[in-house]
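Participant: Sending over start32.txt (compact mmCIF, C-alpha atoms).
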```txt
# COMPACT_ATOMS: atom_id res chain seq x y z
CA MET N 6 194.30 148.86 339.69
CA THR N 7 194.82 148.52 335.93
CA PRO N 8 192.08 149.44 333.41
CA TYR N 9 191.71 145.77 332.51
CA GLN N 10 191.27 144.79 336.16
CA ARG N 11 188.60 147.49 336.49
CA TYR N 12 186.83 145.92 333.52
CA LEU N 13 187.02 142.43 335.06
CA ASN N 14 185.66 143.72 338.36
CA ALA N 15 182.78 145.44 336.59
CA GLN N 16 181.98 142.32 334.58
CA GLN N 17 182.01 140.21 337.73
CA GLU N 18 179.69 142.67 339.43
CA ILE N 19 177.15 142.74 336.63
CA ASN N 20 177.27 138.94 336.28
CA GLU N 21 177.42 137.68 339.85
CA GLY N 22 175.58 140.59 341.42
CA LEU N 23 172.59 140.16 339.13
CA ILE N 24 172.37 136.37 338.95
CA ARG N 25 172.16 135.42 342.58
CA MET N 26 169.00 134.18 344.32
CA GLY N 27 168.37 131.65 341.55
CA ILE N 28 167.97 134.23 338.80
CA SER N 29 169.54 132.70 335.71
CA MET N 30 170.73 134.42 332.55
CA ASP N 31 169.53 131.60 330.32
CA ARG N 32 165.92 131.34 331.46
CA PRO N 33 163.37 131.99 328.68
CA GLU N 34 162.67 135.70 328.43
CA GLY N 35 159.04 135.60 329.56
CA TYR N 36 157.25 135.96 326.23
CA VAL N 37 154.93 133.09 327.01
CA ARG N 38 154.58 133.71 330.76
CA ASP N 39 153.64 137.38 331.00
CA PRO N 40 155.08 139.63 328.32
CA GLN N 41 153.19 142.72 329.44
CA ARG N 42 154.58 142.56 332.98
CA ARG N 43 158.01 142.16 331.44
CA MET N 44 157.55 145.29 329.34
CA ASP N 45 156.15 147.24 332.27
CA GLU N 46 159.21 146.29 334.31
CA MET N 47 161.59 147.46 331.59
CA ARG N 48 159.67 150.71 331.12
CA ASN N 49 159.96 151.40 334.83
CA PHE N 50 163.63 150.42 334.82
CA LEU N 51 164.39 152.95 332.09
CA GLU N 52 162.35 155.63 333.84
CA CYS N 53 164.45 155.10 336.96
CA CYS N 54 167.51 155.55 334.71
CA ASP N 55 166.07 158.86 333.42
CA ASN N 56 165.19 157.34 330.04
CA PRO N 57 168.61 157.38 328.33
CA GLN N 58 166.98 156.37 325.02
CA ARG N 59 165.07 159.65 324.69
CA ASN N 60 165.75 162.00 321.79
CA ILE N 61 168.20 159.67 320.01
CA PRO N 62 166.87 158.50 316.63
CA ALA N 63 167.32 154.77 316.24
CA VAL N 64 167.49 152.07 313.61
CA HIS N 65 166.04 149.03 315.39
CA VAL N 66 167.13 145.75 313.78
CA ALA N 67 165.34 142.43 314.31
CA GLY N 68 165.44 139.16 312.41
CA THR N 69 166.53 135.55 312.66
CA SER N 70 169.86 135.60 310.83
CA GLY N 71 172.29 138.33 309.87
CA LYS N 72 170.92 141.05 312.12
CA GLY N 73 174.30 141.65 313.75
CA SER N 74 176.05 142.00 310.40
CA VAL N 75 173.24 144.19 309.06
CA SER N 76 173.41 146.40 312.15
CA ALA N 77 177.17 146.78 311.77
CA ALA N 78 176.87 147.65 308.10
CA ILE N 79 174.19 150.27 308.75
CA ALA N 80 176.33 151.81 311.49
CA GLY N 81 179.36 151.90 309.19
CA MET N 82 177.41 153.58 306.41
CA LEU N 83 176.00 156.26 308.71
CA GLN N 84 179.43 156.86 310.21
CA GLU N 85 180.95 157.17 306.73
CA ALA N 86 178.34 159.87 306.04
CA GLY N 87 179.80 161.93 308.89
CA LEU N 88 177.41 161.08 311.73
CA ARG N 89 178.40 160.16 315.27
CA VAL N 90 177.00 156.63 315.62
CA GLY N 91 176.28 154.31 318.53
CA LEU N 92 175.99 150.59 317.73
CA HIS N 93 174.56 147.91 320.01
CA VAL N 94 175.05 144.25 319.07
CA THR N 95 174.41 141.05 320.95
CA PRO N 96 175.77 138.66 322.09
CA TYR N 97 179.41 139.47 322.69
CA LEU N 98 182.24 137.02 322.01
CA GLN N 99 185.07 137.84 324.40
CA SER N 100 184.23 141.04 326.26
CA ALA N 101 181.00 142.75 327.31
CA THR N 102 182.42 145.98 325.93
CA GLU N 103 181.91 144.53 322.44
CA LYS N 104 178.17 145.17 322.74
CA ILE N 105 178.59 148.96 322.92
CA TRP N 106 180.31 150.67 319.98
CA ILE N 107 180.81 154.41 319.54
CA ASP N 108 182.12 155.52 316.14
CA GLY N 109 183.55 152.11 315.37
CA SER N 110 185.27 151.35 318.69
CA PHE N 111 184.12 149.53 321.81
CA VAL N 112 183.58 151.56 324.96
CA SER N 113 186.70 151.64 327.10
CA ALA N 114 187.26 149.59 330.24
CA GLN N 115 186.82 152.72 332.35
CA GLN N 116 183.63 153.72 330.53
CA PHE N 117 182.22 150.25 331.09
CA ARG N 118 183.16 150.37 334.77
CA ASP N 119 181.44 153.77 335.11
CA LEU N 120 178.31 152.54 333.33
CA VAL N 121 178.03 149.48 335.57
CA SER N 122 178.41 151.68 338.66
CA TRP N 123 175.70 153.95 337.25
CA VAL N 124 173.16 151.16 336.65
CA MET N 125 173.67 149.09 339.81
CA PRO N 126 171.58 151.30 342.15
CA VAL N 127 168.63 150.74 339.80
CA ALA N 128 169.29 147.06 339.14
CA ALA N 129 170.26 145.77 342.58
CA PRO N 130 166.86 146.32 344.30
CA ARG N 131 165.24 144.21 341.57
CA VAL N 132 167.39 141.15 342.24
CA ARG N 133 164.59 138.89 343.36
CA PRO N 134 163.07 135.74 341.83
CA GLU N 135 159.68 137.34 341.14
CA THR N 136 161.08 140.09 338.90
CA PRO N 137 159.32 139.48 335.56
CA ALA N 138 162.27 140.39 333.33
CA SER N 139 165.93 139.48 333.18
CA ILE N 140 167.74 141.95 335.41
CA HIS N 141 171.00 141.24 333.63
CA GLY N 142 169.26 141.95 330.31
CA MET N 143 167.64 145.18 331.49
CA ALA N 144 170.92 146.45 332.92
CA SER N 145 172.85 145.56 329.76
CA VAL N 146 170.43 147.43 327.51
CA ALA N 147 170.33 150.42 329.85
CA ILE N 148 174.10 150.82 330.00
CA ALA N 149 174.32 150.73 326.19
CA LEU N 150 171.70 153.47 325.97
CA GLU N 151 173.42 155.53 328.64
CA GLY N 152 176.76 155.07 326.90
CA PHE N 153 175.26 156.53 323.73
CA ARG N 154 173.66 159.40 325.63
CA ARG N 155 176.97 160.31 327.27
CA ALA N 156 178.73 160.14 323.90
CA LYS N 157 176.10 162.46 322.39
CA VAL N 158 175.62 160.26 319.34
CA ASP N 159 173.58 161.55 316.41
CA VAL N 160 171.96 158.16 315.80
CA MET N 161 172.06 154.67 317.24
CA VAL N 162 171.72 151.31 315.55
CA PHE N 163 170.29 148.82 318.02
CA GLU N 164 170.21 145.09 317.40
CA ALA N 165 167.28 143.38 319.11
CA GLY N 166 167.98 140.43 321.36
CA CYS N 167 165.12 137.96 320.94
CA GLY N 168 162.10 138.81 318.84
CA ALA N 169 161.23 142.50 318.94
CA ARG N 170 157.65 142.92 320.09
CA PHE N 171 158.45 142.17 323.73
CA ASP N 172 162.21 142.54 323.55
CA LEU N 173 163.99 144.63 326.16
CA THR N 174 165.38 146.78 323.34
CA SER N 175 161.91 147.78 322.12
CA PHE N 176 161.90 151.13 323.95
CA VAL N 177 164.35 152.83 321.59
CA GLU N 178 162.87 155.71 319.60
CA THR N 179 162.67 153.92 316.27
CA SER N 180 162.98 156.06 313.16
CA VAL N 181 163.73 153.13 310.83
CA ALA N 182 162.79 149.52 311.60
CA VAL N 183 164.40 146.42 310.08
CA VAL N 184 163.51 142.73 309.94
CA THR N 185 166.31 140.95 308.13
CA ASN N 186 164.58 137.59 307.64
CA VAL N 187 162.57 135.06 309.65
CA GLY N 188 163.36 131.42 310.38
CA LEU N 189 162.79 128.88 313.13
CA ASP N 190 164.75 130.14 316.11
CA HIS N 191 163.99 130.93 319.77
CA VAL N 192 160.96 128.64 319.44
CA ILE N 193 160.64 128.28 323.23
CA SER N 194 160.24 132.03 323.65
CA LEU N 195 158.65 133.12 320.38
CA GLY N 196 156.47 130.22 319.32
CA PRO N 197 156.57 126.95 317.44
CA ASP N 198 156.06 128.16 313.86
CA ILE N 199 157.06 130.82 311.36
CA GLU N 200 153.80 132.75 311.75
CA GLN N 201 154.28 133.26 315.47
CA ILE N 202 157.97 134.08 315.16
CA ALA N 203 157.29 136.56 312.33
CA TRP N 204 154.60 138.23 314.46
CA HIS N 205 157.16 138.80 317.20
CA LYS N 206 159.79 140.11 314.78
CA ALA N 207 157.22 142.39 313.10
CA GLY N 208 156.72 144.04 316.47
CA VAL N 209 159.69 146.23 315.55
CA ALA N 210 157.32 148.28 313.35
CA ARG N 211 156.40 151.79 314.47
CA ARG N 212 153.62 154.01 313.19
CA GLY N 213 154.77 156.24 310.37
CA ALA N 214 158.32 154.85 310.34
CA PRO N 215 159.70 152.90 307.37
CA LEU N 216 160.11 149.15 307.90
CA VAL N 217 162.74 147.43 305.75
CA THR N 218 162.62 143.66 305.42
CA GLY N 219 164.32 140.85 303.58
CA ALA N 220 161.75 138.30 304.73
CA THR N 221 160.00 135.99 302.29
CA GLY N 222 156.99 133.67 302.10
CA THR N 223 154.66 133.31 305.07
CA ALA N 224 156.84 135.54 307.23
CA LEU N 225 156.59 138.35 304.69
CA ASP N 226 152.79 138.01 304.66
CA VAL N 227 152.73 138.44 308.43
CA ILE N 228 155.06 141.45 308.27
CA ARG N 229 152.94 143.06 305.53
CA GLN N 230 149.86 142.68 307.69
CA GLU N 231 151.57 144.14 310.74
CA ALA N 232 153.02 147.06 308.78
CA ASN N 233 149.61 147.84 307.37
CA SER N 234 147.92 147.73 310.79
CA MET N 235 150.63 149.95 312.30
CA GLY N 236 150.71 152.46 309.46
CA ALA N 237 154.37 151.68 308.82
CA VAL N 238 155.81 152.20 305.33
CA LEU N 239 157.02 148.77 304.21
CA GLU N 240 160.14 148.49 302.05
CA GLU N 241 160.56 144.94 300.73
CA ILE N 242 164.00 143.83 299.53
CA PRO N 243 163.83 141.19 296.78
CA HIS N 244 165.33 137.84 297.69
CA SER N 245 168.39 137.00 295.55
CA GLY N 246 169.28 133.65 297.09
CA ASN N 247 172.61 135.00 298.36
CA ALA N 248 172.34 135.73 302.09
CA ARG N 249 175.26 138.17 302.18
CA MET N 250 173.98 140.19 299.21
CA ASP N 251 170.47 140.26 300.65
CA ASN N 252 171.74 141.48 304.01
CA MET N 253 173.76 144.27 302.39
CA SER N 254 170.72 145.31 300.35
CA VAL N 255 168.65 145.53 303.54
CA ALA N 256 171.41 147.51 305.27
CA SER N 257 171.83 149.91 302.33
CA LYS N 258 168.11 150.64 302.19
CA ALA N 259 167.82 151.20 305.94
CA ALA N 260 170.89 153.45 306.05
CA GLY N 261 169.59 155.43 303.08
CA LEU N 262 166.26 156.01 304.76
CA MET N 263 167.89 157.13 308.00
CA GLY N 264 170.22 159.39 306.03
CA GLU N 265 167.22 161.08 304.46
CA LEU N 266 165.66 161.65 307.89
CA LEU N 267 168.90 163.16 309.23
CA ASN N 268 169.56 165.16 306.05
CA VAL N 269 172.88 163.57 305.16
CA LYS N 270 173.88 162.33 301.72
CA MET N 271 174.14 158.55 301.38
CA THR N 272 176.04 158.37 298.09
CA PRO N 273 177.09 155.08 296.49
CA ARG N 274 180.62 155.72 297.79
CA VAL N 275 179.35 156.27 301.34
CA ILE N 276 177.26 153.09 301.15
CA GLY N 277 180.05 151.00 299.65
CA GLU N 278 182.90 152.16 301.89
CA GLY N 279 180.66 152.34 304.96
CA ALA N 280 179.63 148.71 304.55
CA GLN N 281 183.28 147.72 305.09
CA ARG N 282 183.91 150.18 307.92
CA VAL N 283 182.50 148.13 310.81
CA ARG N 284 182.95 144.37 310.94
CA LEU N 285 182.03 141.85 313.58
CA ALA N 286 184.22 139.01 314.78
CA GLY N 287 183.08 135.40 314.76
CA ARG N 288 181.14 135.60 311.51
CA THR N 289 182.88 133.31 309.02
CA GLU N 290 186.16 134.60 310.41
CA VAL N 291 189.45 132.96 309.42
CA MET N 292 192.06 132.91 312.16
CA PRO N 293 195.61 134.11 311.39
CA GLY N 294 198.77 132.03 311.50
CA ASP N 295 200.22 128.85 310.08
CA GLY N 296 198.73 125.38 310.25
CA PRO N 297 195.20 124.33 309.29
CA ARG N 298 192.67 126.94 308.21
CA VAL N 299 190.53 127.69 311.28
CA ILE N 300 187.15 129.32 310.71
CA LEU N 301 185.01 130.68 313.54
CA ASP N 302 181.28 131.16 312.97
CA GLY N 303 178.70 131.47 315.74
CA ALA N 304 175.94 129.75 313.76
CA HIS N 305 173.33 128.55 316.24
CA ASN N 306 170.31 127.69 314.09
CA GLU N 307 169.68 125.66 310.95
CA GLU N 308 169.67 128.61 308.56
CA LYS N 309 172.87 130.14 309.96
CA LEU N 310 174.62 126.78 310.03
CA THR N 311 173.70 126.13 306.41
CA VAL N 312 175.22 129.48 305.36
CA ALA N 313 178.30 128.93 307.52
CA ILE N 314 178.99 125.56 305.90
CA GLU N 315 178.50 126.94 302.40
CA GLN N 316 180.96 129.76 303.07
CA ALA N 317 183.45 127.47 304.80
CA PHE N 318 183.51 125.19 301.75
CA GLU N 319 184.07 128.04 299.28
CA THR N 320 187.84 127.65 299.63
CA ASP N 321 189.43 124.28 298.83
CA VAL N 322 191.86 122.67 301.24
CA ALA N 323 194.05 119.64 300.60
CA GLY N 324 193.68 118.03 304.01
CA PRO N 325 190.82 116.81 306.19
CA ARG N 326 187.87 119.00 307.11
CA VAL N 327 187.06 118.91 310.82
CA LEU N 328 183.92 120.15 312.53
CA LEU N 329 184.10 121.35 316.14
CA ILE N 330 180.64 122.14 317.47
CA GLY N 331 178.90 122.93 320.74
CA PHE N 332 175.57 124.45 321.77
CA LEU N 333 173.88 126.01 324.74
CA GLY N 334 171.32 123.78 326.40
CA THR N 335 168.36 125.48 324.73
CA ARG N 336 169.80 125.29 321.20
CA ALA N 337 170.73 121.74 320.21
CA SER N 338 168.12 119.91 318.12
CA PRO N 339 167.92 117.47 315.20
CA ASP N 340 166.87 120.34 312.90
CA ILE N 341 170.04 122.32 313.62
CA ILE N 342 172.26 119.29 313.03
CA ARG N 343 170.64 118.37 309.70
CA PRO N 344 172.78 120.64 307.43
CA LEU N 345 175.93 118.93 308.70
CA ALA N 346 175.11 115.56 307.15
CA ARG N 347 178.23 113.84 305.78
CA ARG N 348 180.06 117.08 304.93
CA PHE N 349 183.10 116.76 307.21
CA ASP N 350 185.79 114.11 307.52
CA HIS N 351 185.82 114.32 311.33
CA ALA N 352 183.55 115.81 313.98
CA ILE N 353 184.06 116.69 317.64
CA ALA N 354 181.27 117.67 320.02
CA THR N 355 182.12 120.00 322.89
CA GLU N 356 180.48 122.46 325.30
CA PRO N 357 180.42 126.28 325.38
CA ARG N 358 181.45 127.71 328.73
CA VAL N 359 179.90 131.00 329.79
CA TYR N 360 178.93 132.33 333.19
CA GLY N 361 175.28 131.79 334.07
CA LYS N 362 174.30 129.74 331.02
CA THR N 363 173.85 125.98 330.73
CA PRO N 364 175.58 124.13 327.85
CA CYS N 365 174.19 121.17 325.99
CA PRO N 366 176.35 118.24 327.18
CA ALA N 367 178.91 117.20 324.59
CA ALA N 368 177.65 113.63 324.74
CA ASP N 369 174.12 114.78 323.82
CA THR N 370 175.41 116.79 320.85
CA ALA N 371 177.44 113.76 319.76
CA ARG N 372 174.32 111.60 319.78
CA LEU N 373 172.53 114.11 317.56
CA MET N 374 175.42 114.00 315.13
CA GLU N 375 175.34 110.22 314.97
CA ASN N 376 171.87 110.57 313.49
CA VAL N 377 173.26 112.39 310.43
CA GLY N 378 176.05 109.98 309.63
CA TYR N 379 178.96 110.88 311.95
CA ALA N 380 180.93 108.88 314.48
CA PRO N 381 181.91 111.97 316.48
CA GLN N 382 184.34 112.35 319.30
CA SER N 383 183.08 113.92 322.50
CA GLU N 384 185.26 116.30 324.54
CA PRO N 385 183.52 118.61 327.04
CA ASP N 386 186.55 120.88 327.48
CA PRO N 387 186.48 123.21 324.45
CA HIS N 388 190.20 123.98 324.50
CA LYS N 389 191.13 120.29 324.57
CA ALA N 390 188.59 119.73 321.81
CA LEU N 391 190.26 122.43 319.70
CA GLU N 392 193.65 120.76 320.12
CA ARG N 393 192.16 117.48 318.91
CA ALA N 394 190.57 119.22 315.93
CA LEU N 395 193.84 120.87 314.93
CA ASP N 396 195.66 117.54 315.14
CA LEU N 397 193.03 115.84 312.99
CA ALA N 398 193.11 118.60 310.36
CA GLY N 399 196.88 118.59 310.02
CA SER N 400 198.81 121.42 308.44
CA ASP N 401 196.77 121.52 305.21
CA GLY N 402 193.24 120.86 306.50
CA MET N 403 190.41 122.98 307.87
CA VAL N 404 188.61 123.33 311.20
CA LEU N 405 185.17 124.94 311.45
CA VAL N 406 184.24 126.02 315.00
CA THR N 407 180.52 126.69 315.23
CA GLY N 408 177.24 126.15 317.09
CA SER N 409 177.49 128.89 319.71
CA PHE N 410 178.86 132.42 319.82
CA TYR N 411 180.07 131.68 323.34
CA LEU N 412 182.11 128.71 322.13
CA VAL N 413 183.58 130.85 319.35
CA GLY N 414 184.40 133.65 321.79
CA ASP N 415 186.10 131.32 324.24
CA LEU N 416 188.30 129.67 321.62
CA ARG N 417 189.05 132.95 319.83
CA SER N 418 191.22 133.84 322.82
CA ARG N 419 193.83 131.44 321.40
CA TRP N 420 194.55 134.08 318.77
CA PHE N 421 193.32 137.33 320.36
CA SER N 422 193.39 137.78 324.13
CA GLN N 423 190.45 139.24 326.01
CA GLU N 424 192.75 141.76 327.66
CA SER N 425 193.97 143.10 324.31
CA VAL N 426 190.40 143.27 322.99
CA VAL N 427 189.28 145.27 326.03
CA LEU N 428 192.22 147.65 326.21
CA GLN N 429 192.52 148.34 322.48
CA ARG N 430 188.72 148.49 322.05
CA THR N 431 188.70 146.28 318.98
CA SER N 432 188.37 142.61 318.11
CA TRP N 433 191.61 142.88 316.12
CA PRO N 434 194.21 144.35 318.50
CA VAL N 435 197.36 145.90 317.07
CA GLY N 436 200.23 143.44 317.26
CA ASP N 437 198.08 140.49 316.19
CA GLN N 438 197.56 139.56 312.56
CA SER N 439 193.93 140.36 311.76
CA GLY N 440 191.72 137.45 310.74
CA GLN N 441 190.59 137.56 307.15
CA ARG N 442 187.03 136.91 306.07
CA LEU N 443 186.05 134.38 303.47
CA SER N 444 183.58 136.88 302.07
CA LYS N 445 186.30 139.32 300.99
```
So that I can check it, write out the structure of this file as structure tokens.
Facilitator:
Amino acid sequence: MTPYQRYLNAQQEINEGLIRMGISMDRPEGYVRDPQRRMDEMRNFLECCDNPQRNIPAVHVAGTSGKGSVSAAIAGMLQEAGLRVGLHVTPYLQSATEKIWIDGSFVSAQQFRDLVSWVMPVAAPRVRPETPASIHGMASVAIALEGFRRAKVDVMVFEAGCGARFDLTSFVETSVAVVTNVGLDHVISLGPDIEQIAWHKAGVARRGAPLVTGATGTALDVIRQEANSMGAVLEEIPHSGNARMDNMSVASKAAGLMGELLNVKMTPRVIGEGAQRVRLAGRTEVMPGDGPRVILDGAHNEEKLTVAIEQAFETDVAGPRVLLIGFLGTRASPDIIRPLARRFDHAIATEPRVYGKTPCPAADTARLMENVGYAPQSEPDPHKALERALDLAGSDGMVLVTGSFYLVGDLRSRWFSQESVVLQRTSWPVGDQSGQRLSK
């Protein structure tokens, strides 16, 4: 059996083995139903795994937008300073191994296979409808933690999934906490307004630990109150109006604070070069090759979509601009669609395809787009939709693929195969021309 086949078998096991009996990956994560039972279940799960998170200092990163990029930048800075670094990001685009980085590379196919085999005896007995937390989610977090323990990392940077207060990642031993910013996202799970969402994000705070935030307005007021009640030292990053600059300022501050705790020097050179050391695919990423400029950006809320459009329009193109968009069933809304109004020459609605999650039907997304001035095409098959978009853009146009990380990950395989990503442990396998970022 090849290493790639071992990876595929492990991924099938962790997907199919943990989603039977009606347990779905895309159900709301229980914040409203019974968050304490959910946390108790995760605590017990980790205890049965011998608490792999113990004795590893962590930077825990929450926020609405940019938390993946901030996490990657922090990890790169700490690695540049000479530390052995584990990085957890979510979601993945093409391979589950992308969620677990050790010193800048994904875990190998064999490591992933071993980690799945390790966690299954703990996870399998919990596969029942009454389990109060996502078994798939608990297992995924646990194998990342165990991967870092086995690698003997000096520090881990852990991106939260949804919220922070009752997130399955909240059991890491936080030395530095981060809230990048707060916007309207995950409203089904976290609450209908900024105050409630900020309260959940502020749950990343830990007594005595510094809390770095780029939040503003009402959200910042909530975070200040929570930091004060927890005895956390709040570090506020001034808002510049440039999302990328603000995120790098948050990352630099957080990395500097962790460097102080671990007694390593975070010089300007370390910060600057480290920020470029780890990059994530699918964030305003330009695909290689001839033909129209194709940009992939997994922007799935109004704020992220606004930034994605601004960055996509930074470079002029002579031909038509085409939007290809698709959402999961819990994501599509008139608010998300609003930034798209009359910006593109053509639009195509499609559907992300990912195991265990329900897409928003392409026809429903198309109807939302009609409300902001488009006469969109509707094509449920994302690969057929991409072919249409490329034809419409022509050789000198542009295609922006956005709306869901899962859509981006599926279509990214046109340029970078999943097998190469898994085996070479990078989103930019050798032998393929690396995608360039608009931000560089």
Participant: Show me, as a list of chain:residue names, the residues that have an atom within 10 Å of Glu356 in chain N when counting only C-alpha atoms, minus same-chain residues fewer than 6 positions from it.
Facilitator: N:Leu329, N:Ile330, N:Gly331, N:Phe332, N:Leu333, N:Gly334, N:Thr363, N:Pro364, N:Cys365, N:Pro366, N:Ala367, N:Ala368, N:Thr370, N:Ser383, N:Glu384, N:Pro385, N:Asp386, N:Pro387, N:His388, N:Ala390, N:Gly408, N:Ser409, N:Tyr411, N:Leu412
Participant: Save out the residues we just selected, C-alpha atoms, as an mmCIF file, in the coordinates of the input.
Facilitator:
```
data_model
loop_
_atom_site.group_PDB
_atom_site.id
_atom_site.type_symbol
_atom_site.label_atom_id
_atom_site.label_comp_id
_atom_site.auth_asym_id
_atom_site.auth_seq_id
_atom_site.Cartn_x
_atom_site.Cartn_y
_atom_site.Cartn_z
ATOM 1 C CA LEU N 329 184.100 121.350 316.140
ATOM 2 C CA ILE N 330 180.640 122.140 317.470
ATOM 3 C CA GLY N 331 178.900 122.930 320.740
ATOM 4 C CA PHE N 332 175.570 124.450 321.770
ATOM 5 C CA LEU N 333 173.880 126.010 324.740
ATOM 6 C CA GLY N 334 171.320 123.780 326.400
ATOM 7 C CA THR N 363 173.850 125.980 330.730
ATOM 8 C CA PRO N 364 175.580 124.130 327.850
ATOM 9 C CA CYS N 365 174.190 121.170 325.990
ATOM 10 C CA PRO N 366 176.350 118.240 327.180
ATOM 11 C CA ALA N 367 178.910 117.200 324.590
ATOM 12 C CA ALA N 368 177.650 113.630 324.740
ATOM 13 C CA THR N 370 175.410 116.790 320.850
ATOM 14 C CA SER N 383 183.080 113.920 322.500
ATOM 15 C CA GLU N 384 185.260 116.300 324.540
ATOM 16 C CA PRO N 385 183.520 118.610 327.040
ATOM 17 C CA ASP N 386 186.550 120.880 327.480
ATOM 18 C CA PRO N 387 186.480 123.210 324.450
ATOM 19 C CA HIS N 388 190.200 123.980 324.500
ATOM 20 C CA ALA N 390 188.590 119.730 321.810
ATOM 21 C CA GLY N 408 177.240 126.150 317.090
ATOM 22 C CA SER N 409 177.490 128.890 319.710
ATOM 23 C CA TYR N 411 180.070 131.680 323.340
ATOM 24 C CA LEU N 412 182.110 128.710 322.130
#
```
Participant: Which neighbours of range 215-222 of chain N fall inside 7 Å, counting only C-alpha atoms, when residues of the same chain fewer than 4 positions from it are skipped, and could you give them as a list of chain:residue names?
Facilitator: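 Residues meeting the cut-off are N:Val181, N:Ala182, N:Val183, N:Val184, N:Thr185, N:Asn186, N:Val187, N:Ala210, N:Asp226, N:Ala237, N:Val238, N:Leu239, N:Glu240, N:Glu241, N:Ile242, N:Pro243, N:His244, N:Asp251, N:Val255, N:Ala259.
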Participant: Nearest residue to Gly109 in chain N out of N:Asp198, N:Pro57, N:Val162, N:Val227, using all atoms listed in the file?
Facilitator: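 Of the candidates, the smallest distance to Gly109 in chain N is held by N:Val162.
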Participant: Taking all atoms listed in the file into account, which of N:Asn252, N:Thr289, N:Asn233, N:Gln423 comes nearest Gly71 in chain N?
Facilitator: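 The shortest atom-to-atom distance to Gly71 in chain N comes from N:Asn252.
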Participant: So what do you get for CA of Val269 in chain N versus CA of Met82 in chain N, distance-wise?
Facilitator: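 Separation between CA of Val269 in chain N and CA of Met82 in chain N: 11.0 Å.
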Participant: Can you give me N, CA and C atoms for range 45-57 of chain N, written as a tab-separated table (two decimals), in the frame of the given file?
Facilitator:
```tsv
chain	number	residue	atom	x	y	z
N	45	ASP	N	156.38	146.24	331.23
N	45	ASP	CA	156.15	147.24	332.27
N	45	ASP	C	157.38	147.38	333.16
N	46	GLU	N	158.02	146.26	333.48
N	46	GLU	CA	159.21	146.29	334.31
N	46	GLU	C	160.35	147.04	333.62
N	47	MET	N	160.53	146.78	332.32
N	47	MET	CA	161.59	147.46	331.59
N	47	MET	C	161.30	148.95	331.46
N	48	ARG	N	160.04	149.29	331.23
N	48	ARG	CA	159.67	150.71	331.12
N	48	ARG	C	160.00	151.43	332.43
N	49	ASN	N	159.66	150.80	333.53
N	49	ASN	CA	159.96	151.40	334.83
N	49	ASN	C	161.46	151.48	335.08
N	50	PHE	N	162.18	150.44	334.67
N	50	PHE	CA	163.63	150.42	334.82
N	50	PHE	C	164.25	151.61	334.11
N	51	LEU	N	163.83	151.84	332.85
N	51	LEU	CA	164.39	152.95	332.09
N	51	LEU	C	163.98	154.30	332.67
N	52	GLU	N	162.77	154.38	333.20
N	52	GLU	CA	162.35	155.63	333.84
N	52	GLU	C	163.23	155.94	335.05
N	53	CYS	N	163.57	154.90	335.80
N	53	CYS	CA	164.45	155.10	336.96
N	53	CYS	C	165.87	155.48	336.52
N	54	CYS	N	166.21	155.16	335.28
N	54	CYS	CA	167.51	155.55	334.71
N	54	CYS	C	167.42	156.88	333.97
N	55	ASP	N	166.29	157.57	334.09
N	55	ASP	CA	166.07	158.86	333.42
N	55	ASP	C	166.01	158.70	331.91
N	56	ASN	N	165.48	157.59	331.46
N	56	ASN	CA	165.19	157.34	330.04
N	56	ASN	C	166.34	157.75	329.11
N	57	PRO	N	167.45	157.02	329.17
N	57	PRO	CA	168.61	157.38	328.33
N	57	PRO	C	168.34	157.25	326.84
```
